[in-house]
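Heads up, my_file_22.cif below (mmCIF, N, CA and C atoms and all ligand atoms):
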```cif
data_model
#
loop_
_atom_site.label_atom_id
_atom_site.label_comp_id
_atom_site.auth_asym_id
_atom_site.auth_seq_id
_atom_site.Cartn_x
_atom_site.Cartn_y
_atom_site.Cartn_z
N MET A 1 -41.60 -116.79 -22.53
CA MET A 1 -40.98 -116.83 -21.21
C MET A 1 -39.47 -117.09 -21.35
N GLU A 2 -38.72 -116.39 -20.55
CA GLU A 2 -37.27 -116.52 -20.60
C GLU A 2 -36.84 -117.95 -20.22
N ASN A 3 -35.80 -118.40 -20.86
CA ASN A 3 -35.25 -119.73 -20.55
C ASN A 3 -36.22 -120.88 -20.77
N CYS A 4 -37.17 -120.67 -21.65
CA CYS A 4 -38.06 -121.78 -22.02
C CYS A 4 -37.70 -122.20 -23.45
N LEU A 5 -37.32 -123.46 -23.60
CA LEU A 5 -36.86 -123.96 -24.90
C LEU A 5 -37.91 -123.76 -25.99
N PHE A 6 -39.17 -124.10 -25.70
CA PHE A 6 -40.19 -124.02 -26.75
C PHE A 6 -40.58 -122.58 -27.04
N CYS A 7 -40.49 -121.68 -26.06
CA CYS A 7 -40.69 -120.25 -26.36
C CYS A 7 -39.59 -119.76 -27.30
N LYS A 8 -38.37 -120.21 -27.04
CA LYS A 8 -37.24 -119.80 -27.89
C LYS A 8 -37.39 -120.35 -29.31
N ILE A 9 -37.85 -121.59 -29.43
CA ILE A 9 -38.07 -122.17 -30.76
C ILE A 9 -39.19 -121.42 -31.47
N ALA A 10 -40.26 -121.11 -30.72
CA ALA A 10 -41.41 -120.41 -31.33
C ALA A 10 -41.02 -119.01 -31.80
N SER A 11 -40.11 -118.36 -31.08
CA SER A 11 -39.72 -117.00 -31.46
C SER A 11 -38.57 -116.98 -32.47
N GLY A 12 -38.01 -118.15 -32.74
CA GLY A 12 -36.91 -118.23 -33.71
C GLY A 12 -35.54 -118.05 -33.08
N ASP A 13 -35.48 -117.92 -31.75
CA ASP A 13 -34.19 -117.74 -31.07
C ASP A 13 -33.40 -119.04 -30.96
N GLU A 14 -34.10 -120.15 -31.13
CA GLU A 14 -33.46 -121.46 -31.06
C GLU A 14 -33.85 -122.22 -32.33
N ALA A 15 -32.90 -122.88 -32.94
CA ALA A 15 -33.19 -123.57 -34.20
C ALA A 15 -33.99 -124.85 -33.96
N SER A 16 -34.82 -125.17 -34.93
CA SER A 16 -35.58 -126.41 -34.88
C SER A 16 -36.15 -126.67 -36.26
N GLU A 17 -36.59 -127.90 -36.47
CA GLU A 17 -37.18 -128.22 -37.77
C GLU A 17 -38.69 -127.96 -37.72
N ILE A 18 -39.07 -126.77 -38.12
CA ILE A 18 -40.48 -126.37 -38.04
C ILE A 18 -41.23 -126.88 -39.27
N VAL A 19 -42.33 -127.61 -39.02
CA VAL A 19 -43.08 -128.19 -40.14
C VAL A 19 -44.44 -127.52 -40.32
N TYR A 20 -44.82 -126.66 -39.39
CA TYR A 20 -46.14 -126.01 -39.46
C TYR A 20 -46.10 -124.74 -38.61
N LYS A 21 -46.84 -123.74 -39.06
CA LYS A 21 -46.90 -122.48 -38.32
C LYS A 21 -48.25 -121.84 -38.59
N ASP A 22 -48.92 -121.33 -37.59
CA ASP A 22 -50.07 -120.44 -37.81
C ASP A 22 -50.02 -119.35 -36.74
N ASP A 23 -51.11 -118.62 -36.57
CA ASP A 23 -51.08 -117.50 -35.62
C ASP A 23 -50.85 -117.97 -34.18
N HIS A 24 -51.29 -119.19 -33.88
CA HIS A 24 -51.27 -119.63 -32.48
C HIS A 24 -50.32 -120.79 -32.19
N PHE A 25 -49.92 -121.54 -33.23
CA PHE A 25 -49.12 -122.75 -33.01
C PHE A 25 -47.93 -122.84 -33.95
N ILE A 26 -46.94 -123.59 -33.48
CA ILE A 26 -45.94 -124.13 -34.40
C ILE A 26 -45.95 -125.64 -34.19
N ALA A 27 -45.48 -126.37 -35.18
CA ALA A 27 -45.23 -127.80 -35.00
C ALA A 27 -43.82 -128.07 -35.48
N ILE A 28 -43.12 -128.89 -34.70
CA ILE A 28 -41.72 -129.20 -35.02
C ILE A 28 -41.53 -130.71 -35.02
N LYS A 29 -40.43 -131.14 -35.64
CA LYS A 29 -40.06 -132.56 -35.56
C LYS A 29 -39.38 -132.79 -34.21
N ASP A 30 -39.79 -133.84 -33.51
CA ASP A 30 -39.15 -134.17 -32.23
C ASP A 30 -37.69 -134.54 -32.49
N ILE A 31 -36.81 -134.02 -31.65
CA ILE A 31 -35.37 -134.24 -31.83
C ILE A 31 -34.98 -135.70 -31.52
N ASN A 32 -35.83 -136.40 -30.77
CA ASN A 32 -35.57 -137.79 -30.39
C ASN A 32 -36.81 -138.63 -30.72
N PRO A 33 -37.05 -138.83 -32.03
CA PRO A 33 -38.33 -139.40 -32.45
C PRO A 33 -38.57 -140.81 -31.95
N GLN A 34 -39.79 -141.06 -31.50
CA GLN A 34 -40.19 -142.36 -30.98
C GLN A 34 -41.04 -143.13 -31.99
N ALA A 35 -41.18 -142.58 -33.17
CA ALA A 35 -41.96 -143.21 -34.24
C ALA A 35 -41.51 -142.54 -35.55
N PRO A 36 -41.79 -143.18 -36.69
CA PRO A 36 -41.38 -142.57 -37.97
C PRO A 36 -41.91 -141.13 -38.12
N VAL A 37 -43.14 -140.89 -37.65
CA VAL A 37 -43.63 -139.51 -37.58
C VAL A 37 -43.74 -139.17 -36.10
N HIS A 38 -43.01 -138.16 -35.67
CA HIS A 38 -43.12 -137.71 -34.28
C HIS A 38 -43.00 -136.19 -34.29
N LEU A 39 -44.16 -135.56 -34.21
CA LEU A 39 -44.21 -134.10 -34.23
C LEU A 39 -44.67 -133.58 -32.88
N LEU A 40 -44.29 -132.36 -32.58
CA LEU A 40 -44.74 -131.68 -31.37
C LEU A 40 -45.52 -130.45 -31.79
N ILE A 41 -46.77 -130.36 -31.35
CA ILE A 41 -47.60 -129.20 -31.66
C ILE A 41 -47.55 -128.30 -30.43
N ILE A 42 -47.05 -127.10 -30.64
CA ILE A 42 -46.68 -126.23 -29.52
C ILE A 42 -47.40 -124.89 -29.64
N PRO A 43 -48.20 -124.49 -28.64
CA PRO A 43 -48.78 -123.15 -28.71
C PRO A 43 -47.69 -122.08 -28.56
N LYS A 44 -47.85 -120.98 -29.28
CA LYS A 44 -46.87 -119.90 -29.16
C LYS A 44 -46.92 -119.28 -27.76
N LYS A 45 -48.10 -119.31 -27.18
CA LYS A 45 -48.26 -118.77 -25.82
C LYS A 45 -47.63 -119.72 -24.81
N HIS A 46 -46.89 -119.18 -23.86
CA HIS A 46 -46.30 -120.04 -22.84
C HIS A 46 -47.36 -120.45 -21.82
N VAL A 47 -47.58 -121.75 -21.75
CA VAL A 47 -48.38 -122.36 -20.69
C VAL A 47 -47.54 -123.55 -20.24
N GLY A 48 -47.25 -123.65 -18.95
CA GLY A 48 -46.31 -124.66 -18.48
C GLY A 48 -46.82 -126.08 -18.62
N THR A 49 -48.00 -126.32 -18.09
CA THR A 49 -48.57 -127.67 -18.14
C THR A 49 -50.08 -127.54 -18.34
N LEU A 50 -50.72 -128.67 -18.57
CA LEU A 50 -52.18 -128.66 -18.72
C LEU A 50 -52.85 -128.09 -17.47
N MET A 51 -52.23 -128.26 -16.31
CA MET A 51 -52.83 -127.76 -15.07
C MET A 51 -52.80 -126.24 -14.99
N GLU A 52 -52.11 -125.59 -15.92
CA GLU A 52 -52.03 -124.12 -15.88
C GLU A 52 -52.94 -123.45 -16.90
N ILE A 53 -53.69 -124.25 -17.68
CA ILE A 53 -54.56 -123.60 -18.66
C ILE A 53 -55.70 -122.87 -17.95
N GLU A 54 -56.15 -121.81 -18.60
CA GLU A 54 -57.21 -120.98 -18.03
C GLU A 54 -58.40 -120.98 -18.97
N GLU A 55 -59.49 -120.44 -18.48
CA GLU A 55 -60.72 -120.34 -19.28
C GLU A 55 -60.43 -119.67 -20.64
N SER A 56 -59.57 -118.66 -20.61
CA SER A 56 -59.27 -117.91 -21.84
C SER A 56 -58.44 -118.73 -22.84
N ASP A 57 -57.93 -119.89 -22.42
CA ASP A 57 -57.15 -120.75 -23.32
C ASP A 57 -58.04 -121.78 -24.02
N LYS A 58 -59.34 -121.71 -23.74
CA LYS A 58 -60.26 -122.74 -24.22
C LYS A 58 -60.24 -122.88 -25.75
N ASP A 59 -60.30 -121.77 -26.45
CA ASP A 59 -60.33 -121.83 -27.91
C ASP A 59 -59.01 -122.38 -28.45
N MET A 60 -57.92 -121.87 -27.88
CA MET A 60 -56.59 -122.34 -28.32
C MET A 60 -56.46 -123.85 -28.10
N MET A 61 -56.85 -124.31 -26.92
CA MET A 61 -56.70 -125.73 -26.61
C MET A 61 -57.63 -126.58 -27.47
N GLY A 62 -58.73 -126.01 -27.88
CA GLY A 62 -59.62 -126.74 -28.78
C GLY A 62 -59.02 -126.85 -30.17
N SER A 63 -58.42 -125.76 -30.63
CA SER A 63 -57.94 -125.76 -32.02
C SER A 63 -56.67 -126.58 -32.19
N VAL A 64 -56.05 -127.01 -31.09
CA VAL A 64 -54.86 -127.86 -31.24
C VAL A 64 -55.24 -129.16 -31.98
N PHE A 65 -56.48 -129.59 -31.81
CA PHE A 65 -56.89 -130.82 -32.47
C PHE A 65 -57.09 -130.63 -33.98
N THR A 66 -57.46 -129.44 -34.36
CA THR A 66 -57.58 -129.14 -35.79
C THR A 66 -56.19 -129.18 -36.44
N VAL A 67 -55.21 -128.66 -35.71
CA VAL A 67 -53.82 -128.70 -36.22
C VAL A 67 -53.36 -130.15 -36.30
N ALA A 68 -53.68 -130.94 -35.28
CA ALA A 68 -53.28 -132.35 -35.27
C ALA A 68 -53.90 -133.08 -36.46
N LYS A 69 -55.17 -132.80 -36.73
CA LYS A 69 -55.84 -133.44 -37.86
C LYS A 69 -55.15 -133.06 -39.17
N PHE A 70 -54.86 -131.78 -39.34
CA PHE A 70 -54.18 -131.32 -40.55
C PHE A 70 -52.84 -132.03 -40.73
N LEU A 71 -52.07 -132.13 -39.64
CA LEU A 71 -50.74 -132.74 -39.75
C LEU A 71 -50.83 -134.25 -39.96
N ALA A 72 -51.85 -134.88 -39.38
CA ALA A 72 -52.06 -136.31 -39.61
C ALA A 72 -52.36 -136.55 -41.09
N GLU A 73 -53.20 -135.70 -41.66
CA GLU A 73 -53.51 -135.83 -43.09
C GLU A 73 -52.27 -135.59 -43.94
N GLU A 74 -51.52 -134.56 -43.57
CA GLU A 74 -50.33 -134.21 -44.34
C GLU A 74 -49.29 -135.35 -44.34
N ASN A 75 -49.31 -136.14 -43.25
CA ASN A 75 -48.36 -137.25 -43.14
C ASN A 75 -48.98 -138.60 -43.47
N ASP A 76 -50.16 -138.56 -44.11
CA ASP A 76 -50.85 -139.78 -44.58
C ASP A 76 -51.12 -140.77 -43.46
N LEU A 77 -51.56 -140.28 -42.33
CA LEU A 77 -51.78 -141.16 -41.18
C LEU A 77 -53.25 -141.48 -40.94
N GLU A 78 -54.14 -140.97 -41.81
CA GLU A 78 -55.59 -141.16 -41.53
C GLU A 78 -55.94 -142.63 -41.47
N MET A 79 -55.43 -143.42 -42.41
CA MET A 79 -55.83 -144.83 -42.49
C MET A 79 -55.09 -145.68 -41.46
N SER A 80 -53.82 -145.42 -41.27
CA SER A 80 -53.01 -146.26 -40.37
C SER A 80 -53.29 -145.95 -38.91
N GLY A 81 -53.77 -144.76 -38.64
CA GLY A 81 -53.99 -144.33 -37.27
C GLY A 81 -52.76 -143.64 -36.71
N PHE A 82 -52.95 -142.97 -35.62
CA PHE A 82 -51.85 -142.22 -35.00
C PHE A 82 -52.23 -141.98 -33.55
N ARG A 83 -51.28 -141.51 -32.79
CA ARG A 83 -51.54 -141.28 -31.37
C ARG A 83 -51.18 -139.85 -30.99
N LEU A 84 -52.03 -139.24 -30.18
CA LEU A 84 -51.76 -137.92 -29.60
C LEU A 84 -51.46 -138.12 -28.13
N VAL A 85 -50.38 -137.50 -27.66
CA VAL A 85 -49.98 -137.65 -26.25
C VAL A 85 -49.71 -136.28 -25.66
N LEU A 86 -50.24 -136.07 -24.47
CA LEU A 86 -49.93 -134.84 -23.74
C LEU A 86 -49.47 -135.27 -22.34
N ASN A 87 -48.18 -135.18 -22.10
CA ASN A 87 -47.64 -135.53 -20.79
C ASN A 87 -47.83 -134.34 -19.86
N CYS A 88 -48.40 -134.61 -18.70
CA CYS A 88 -48.62 -133.52 -17.74
C CYS A 88 -47.91 -133.84 -16.43
N GLY A 89 -46.82 -133.14 -16.18
CA GLY A 89 -46.07 -133.31 -14.94
C GLY A 89 -44.96 -134.34 -15.06
N MET A 90 -44.01 -134.23 -14.15
CA MET A 90 -42.83 -135.09 -14.19
C MET A 90 -43.19 -136.57 -14.09
N GLY A 91 -44.19 -136.87 -13.28
CA GLY A 91 -44.60 -138.26 -13.10
C GLY A 91 -45.09 -138.90 -14.38
N ALA A 92 -45.57 -138.06 -15.30
CA ALA A 92 -46.06 -138.57 -16.59
C ALA A 92 -44.97 -138.52 -17.65
N GLY A 93 -43.79 -138.05 -17.27
CA GLY A 93 -42.69 -138.00 -18.23
C GLY A 93 -42.51 -136.66 -18.92
N GLN A 94 -43.23 -135.62 -18.46
CA GLN A 94 -43.03 -134.30 -19.08
C GLN A 94 -41.62 -133.80 -18.76
N THR A 95 -40.91 -133.40 -19.80
CA THR A 95 -39.54 -132.91 -19.61
C THR A 95 -39.38 -131.46 -20.04
N VAL A 96 -40.26 -130.99 -20.92
CA VAL A 96 -40.22 -129.58 -21.34
C VAL A 96 -41.51 -128.94 -20.82
N PHE A 97 -41.34 -127.95 -19.93
CA PHE A 97 -42.50 -127.39 -19.24
C PHE A 97 -43.07 -126.19 -19.99
N HIS A 98 -43.44 -126.47 -21.22
CA HIS A 98 -44.22 -125.59 -22.10
C HIS A 98 -45.14 -126.57 -22.82
N ILE A 99 -46.42 -126.43 -22.56
CA ILE A 99 -47.40 -127.44 -22.99
C ILE A 99 -47.24 -127.76 -24.49
N HIS A 100 -47.37 -129.04 -24.83
CA HIS A 100 -47.24 -129.47 -26.22
C HIS A 100 -47.94 -130.81 -26.39
N LEU A 101 -48.40 -131.03 -27.60
CA LEU A 101 -49.08 -132.28 -27.94
C LEU A 101 -48.17 -133.07 -28.89
N HIS A 102 -47.87 -134.31 -28.49
CA HIS A 102 -47.09 -135.19 -29.37
C HIS A 102 -48.04 -135.81 -30.39
N LEU A 103 -47.63 -135.86 -31.64
CA LEU A 103 -48.34 -136.61 -32.68
C LEU A 103 -47.39 -137.71 -33.15
N LEU A 104 -47.79 -138.95 -32.89
CA LEU A 104 -46.93 -140.10 -33.22
C LEU A 104 -47.65 -140.99 -34.21
N GLY A 105 -46.93 -141.42 -35.23
CA GLY A 105 -47.53 -142.31 -36.21
C GLY A 105 -46.50 -142.97 -37.09
N GLY A 106 -46.98 -143.86 -37.94
CA GLY A 106 -46.08 -144.52 -38.89
C GLY A 106 -45.61 -145.87 -38.41
N ARG A 107 -46.11 -146.31 -37.27
CA ARG A 107 -45.82 -147.67 -36.78
C ARG A 107 -46.99 -148.10 -35.92
N PRO A 108 -47.15 -149.43 -35.69
CA PRO A 108 -48.22 -149.87 -34.79
C PRO A 108 -47.98 -149.33 -33.38
N MET A 109 -49.04 -148.94 -32.71
CA MET A 109 -48.94 -148.41 -31.36
C MET A 109 -49.43 -149.46 -30.36
N LYS A 110 -48.73 -149.59 -29.26
CA LYS A 110 -49.13 -150.57 -28.25
C LYS A 110 -49.98 -149.89 -27.18
N TRP A 111 -50.76 -150.70 -26.50
CA TRP A 111 -51.54 -150.20 -25.37
C TRP A 111 -51.52 -151.24 -24.27
N PRO A 112 -51.32 -150.91 -23.00
CA PRO A 112 -51.13 -149.56 -22.49
C PRO A 112 -49.74 -149.01 -22.80
N PRO A 113 -49.62 -147.70 -22.90
CA PRO A 113 -48.31 -147.08 -23.13
C PRO A 113 -47.47 -147.25 -21.87
N GLY A 114 -46.18 -147.14 -22.00
CA GLY A 114 -45.28 -147.34 -20.84
C GLY A 114 -45.36 -146.21 -19.86
P1 LIG B 201 -42.27 -134.23 -22.96
O1 LIG B 201 -41.42 -135.34 -22.40
O2 LIG B 201 -43.71 -134.59 -23.15
O3 LIG B 201 -42.08 -132.95 -22.18
O4 LIG B 201 -41.73 -133.99 -24.42
C1 LIG B 201 -40.65 -133.19 -24.72
C2 LIG B 201 -40.15 -133.63 -26.07
O5 LIG B 201 -39.36 -132.59 -26.60
C3 LIG B 201 -39.29 -134.89 -26.06
O6 LIG B 201 -39.89 -135.89 -26.87
C4 LIG B 201 -37.95 -134.42 -26.60
O7 LIG B 201 -37.34 -135.38 -27.44
C5 LIG B 201 -38.34 -133.17 -27.38
N1 LIG B 201 -37.31 -132.16 -27.52
C6 LIG B 201 -36.46 -131.70 -26.57
N2 LIG B 201 -35.67 -130.74 -27.09
C7 LIG B 201 -36.03 -130.58 -28.37
C8 LIG B 201 -35.60 -129.74 -29.45
N3 LIG B 201 -34.61 -128.87 -29.29
N4 LIG B 201 -36.18 -129.87 -30.65
C9 LIG B 201 -37.18 -130.77 -30.84
N5 LIG B 201 -37.64 -131.58 -29.87
C10 LIG B 201 -37.08 -131.49 -28.66
ZN ZN B 202 -42.47 -121.45 -23.07
#
```

Kindly transcribe the structure held in the file into structure tokens.
Ligand code: AMP
Ligand code: ZN
Amino acid sequence: MENCLFCKIASGDEASEIVYKDDHFIAIKDINPQAPVHLLIIPKKHVGTLMEIEESDKDMMGSVFTVAKFLAEENDLEMSGFRLVLNCGMGAGQTVFHIHLHLLGGRPMKWPPG
């Protein structure tokens, strides 16, 4: 989608630190990391928010967790634990309206989140 930051990063039109790529996803380092490991797992397909996913996105949305598991292992987070966050809508703090899953790890996580 035009003028979407994560579409531009996925297509290579905008620079970013890409740490993972497959047919359906890229993962990048967050530009403003909130933990020693802070990655964003981004589908190549433009979907604005979780509220816009469709039945046909079911497989893609399921496989995002396989990517998260792979990246958690790659960053040695299995034992220490890690957090996955999906902000949906402005009220939840979503700032980039192309769906993405945050993977945060490398420090103790508090609950409830802010
Ligand atoms: P959210 O608030 O859930 O929409 O998350 C958007 C995230 O994208 C934030 O954590 C930002 O720090 C991050 N971000 C914004 N621009 C970039 C960029 N150019 N490269 C990497 N991460 C970015
Ligand atoms: Zn997009």

- Query: Which residues come within 6 Å of A:Leu86, counting all atoms listed in the file, excluding same-chain residues fewer than 6 positions away, as a PyMOL selection string?
  - Reply: chain A and resi 100-102

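Summary of the local environment: counting all atoms listed in the file, residues at most 6 Å from stretch 18-24 of chain A, other than itself and those fewer than 4 positions away along its chain, are Ile28, Lys29, Ile42, Pro43, Lys44 and Lys45 of chain A.
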
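If you look at atom CA of A:Gly12 and atom N of A:Ile31, they are 15.9 Å away from each other.
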
Near A:Ser80, within 8 Å and counting all atoms listed in the file, which residues show up once chain neighbours fewer than 6 positions away are dropped, as an mmCIF file with N, CA and C atoms, in the frame of the given file?
```cif
data_model
loop_
_atom_site.group_PDB
_atom_site.id
_atom_site.type_symbol
_atom_site.label_atom_id
_atom_site.label_comp_id
_atom_site.auth_asym_id
_atom_site.auth_seq_id
_atom_site.Cartn_x
_atom_site.Cartn_y
_atom_site.Cartn_z
ATOM 1 N N GLY A 105 -46.930 -141.420 -35.230
ATOM 2 C CA GLY A 105 -47.530 -142.310 -36.210
ATOM 3 C C GLY A 105 -46.500 -142.970 -37.090
ATOM 4 N N GLY A 106 -46.980 -143.860 -37.940
ATOM 5 C CA GLY A 106 -46.080 -144.520 -38.890
ATOM 6 C C GLY A 106 -45.610 -145.870 -38.410
ATOM 7 N N ARG A 107 -46.110 -146.310 -37.270
ATOM 8 C CA ARG A 107 -45.820 -147.670 -36.780
ATOM 9 C C ARG A 107 -46.990 -148.100 -35.920
ATOM 10 N N PRO A 108 -47.150 -149.430 -35.690
ATOM 11 C CA PRO A 108 -48.220 -149.870 -34.790
ATOM 12 C C PRO A 108 -47.980 -149.330 -33.380
#
```

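Atom N of A:Val67 is positioned 22.8 Å from atom N of A:Lys110.
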
- Env. residues ligand ZN 202 (chain B) / 7 Å / only C-alpha atoms and all ligand atoms / as number ranges by chain: A: 1, 4-7, 45-48, 98

- Which chains and residue numbers are within 6.5 Å of ligand LIG 201 (chain B), counting all atoms listed in the file, if I want them as a list in words? Ala15, Ser16, Glu17, Ile28, Lys29, Asp30, Ile31, Asn32, Pro33, Leu86, Asn87, Cys88, Gly93, Gln94, Thr95, Val96 and Phe97 of chain A

- Note on the structure: Here atom N of A:Ala35 and atom C of A:Gly81 stand apart by 12.2 Å

Determine the axis-aligned bounding box of all atoms of stretch 47-53 of chain A present in the file, pad each side by 3 Å, and express its centre and edge lengths in Å to one decimal place as AutoDock Vina command-line options.
```
--center_x -51.0 --center_y -125.2 --center_z -18.4 --size_x 15.4 --size_y 12.9 --size_z 12.8
```

- Item | Residue nearest A:Leu40 among A:Gly91, A:Gly62, A:Val85, A:Glu73 (counting only C-alpha atoms) | A:Val85

- Message: Here is a test: counting only C-alpha atoms, which residue of A:Gly114, A:Phe70, A:Gly89, A:Asp76 is nearest to A:Leu50?
- Response: A:Gly89

Name the residues of chain A that fall into strand (DSSP E or B) according to DSSP on the backbone, using the chain letters and numbers of this document, as a tab-separated table (two decimals) with N, CA and C atoms, in the frame of the given file.
```
chain	number	residue	atom	x	y	z
A	18	ILE	N	-39.07	-126.77	-38.12
A	18	ILE	CA	-40.48	-126.37	-38.04
A	18	ILE	C	-41.23	-126.88	-39.27
A	19	VAL	N	-42.33	-127.61	-39.02
A	19	VAL	CA	-43.08	-128.19	-40.14
A	19	VAL	C	-44.44	-127.52	-40.32
A	20	TYR	N	-44.82	-126.66	-39.39
A	20	TYR	CA	-46.14	-126.01	-39.46
A	20	TYR	C	-46.10	-124.74	-38.61
A	21	LYS	N	-46.84	-123.74	-39.06
A	21	LYS	CA	-46.90	-122.48	-38.32
A	21	LYS	C	-48.25	-121.84	-38.59
A	25	PHE	N	-49.92	-121.54	-33.23
A	25	PHE	CA	-49.12	-122.75	-33.01
A	25	PHE	C	-47.93	-122.84	-33.95
A	26	ILE	N	-46.94	-123.59	-33.48
A	26	ILE	CA	-45.94	-124.13	-34.40
A	26	ILE	C	-45.95	-125.64	-34.19
A	27	ALA	N	-45.48	-126.37	-35.18
A	27	ALA	CA	-45.23	-127.80	-35.00
A	27	ALA	C	-43.82	-128.07	-35.48
A	28	ILE	N	-43.12	-128.89	-34.70
A	28	ILE	CA	-41.72	-129.20	-35.02
A	28	ILE	C	-41.53	-130.71	-35.02
A	29	LYS	N	-40.43	-131.14	-35.64
A	29	LYS	CA	-40.06	-132.56	-35.56
A	29	LYS	C	-39.38	-132.79	-34.21
A	37	VAL	N	-43.14	-140.89	-37.65
A	37	VAL	CA	-43.63	-139.51	-37.58
A	37	VAL	C	-43.74	-139.17	-36.10
A	38	HIS	N	-43.01	-138.16	-35.67
A	38	HIS	CA	-43.12	-137.71	-34.28
A	38	HIS	C	-43.00	-136.19	-34.29
A	39	LEU	N	-44.16	-135.56	-34.21
A	39	LEU	CA	-44.21	-134.10	-34.23
A	39	LEU	C	-44.67	-133.58	-32.88
A	40	LEU	N	-44.29	-132.36	-32.58
A	40	LEU	CA	-44.74	-131.68	-31.37
A	40	LEU	C	-45.52	-130.45	-31.79
A	41	ILE	N	-46.77	-130.36	-31.35
A	41	ILE	CA	-47.60	-129.20	-31.66
A	41	ILE	C	-47.55	-128.30	-30.43
A	42	ILE	N	-47.05	-127.10	-30.64
A	42	ILE	CA	-46.68	-126.23	-29.52
A	42	ILE	C	-47.40	-124.89	-29.64
A	43	PRO	N	-48.20	-124.49	-28.64
A	43	PRO	CA	-48.78	-123.15	-28.71
A	43	PRO	C	-47.69	-122.08	-28.56
A	82	PHE	N	-52.95	-142.97	-35.62
A	82	PHE	CA	-51.85	-142.22	-35.00
A	82	PHE	C	-52.23	-141.98	-33.55
A	83	ARG	N	-51.28	-141.51	-32.79
A	83	ARG	CA	-51.54	-141.28	-31.37
A	83	ARG	C	-51.18	-139.85	-30.99
A	84	LEU	N	-52.03	-139.24	-30.18
A	84	LEU	CA	-51.76	-137.92	-29.60
A	84	LEU	C	-51.46	-138.12	-28.13
A	85	VAL	N	-50.38	-137.50	-27.66
A	85	VAL	CA	-49.98	-137.65	-26.25
A	85	VAL	C	-49.71	-136.28	-25.66
A	101	LEU	N	-48.40	-131.03	-27.60
A	101	LEU	CA	-49.08	-132.28	-27.94
A	101	LEU	C	-48.17	-133.07	-28.89
A	102	HIS	N	-47.87	-134.31	-28.49
A	102	HIS	CA	-47.09	-135.19	-29.37
A	102	HIS	C	-48.04	-135.81	-30.39
A	103	LEU	N	-47.63	-135.86	-31.64
A	103	LEU	CA	-48.34	-136.61	-32.68
A	103	LEU	C	-47.39	-137.71	-33.15
A	104	LEU	N	-47.79	-138.95	-32.89
A	104	LEU	CA	-46.93	-140.10	-33.22
A	104	LEU	C	-47.65	-140.99	-34.21
A	105	GLY	N	-46.93	-141.42	-35.23
A	105	GLY	CA	-47.53	-142.31	-36.21
A	105	GLY	C	-46.50	-142.97	-37.09
```
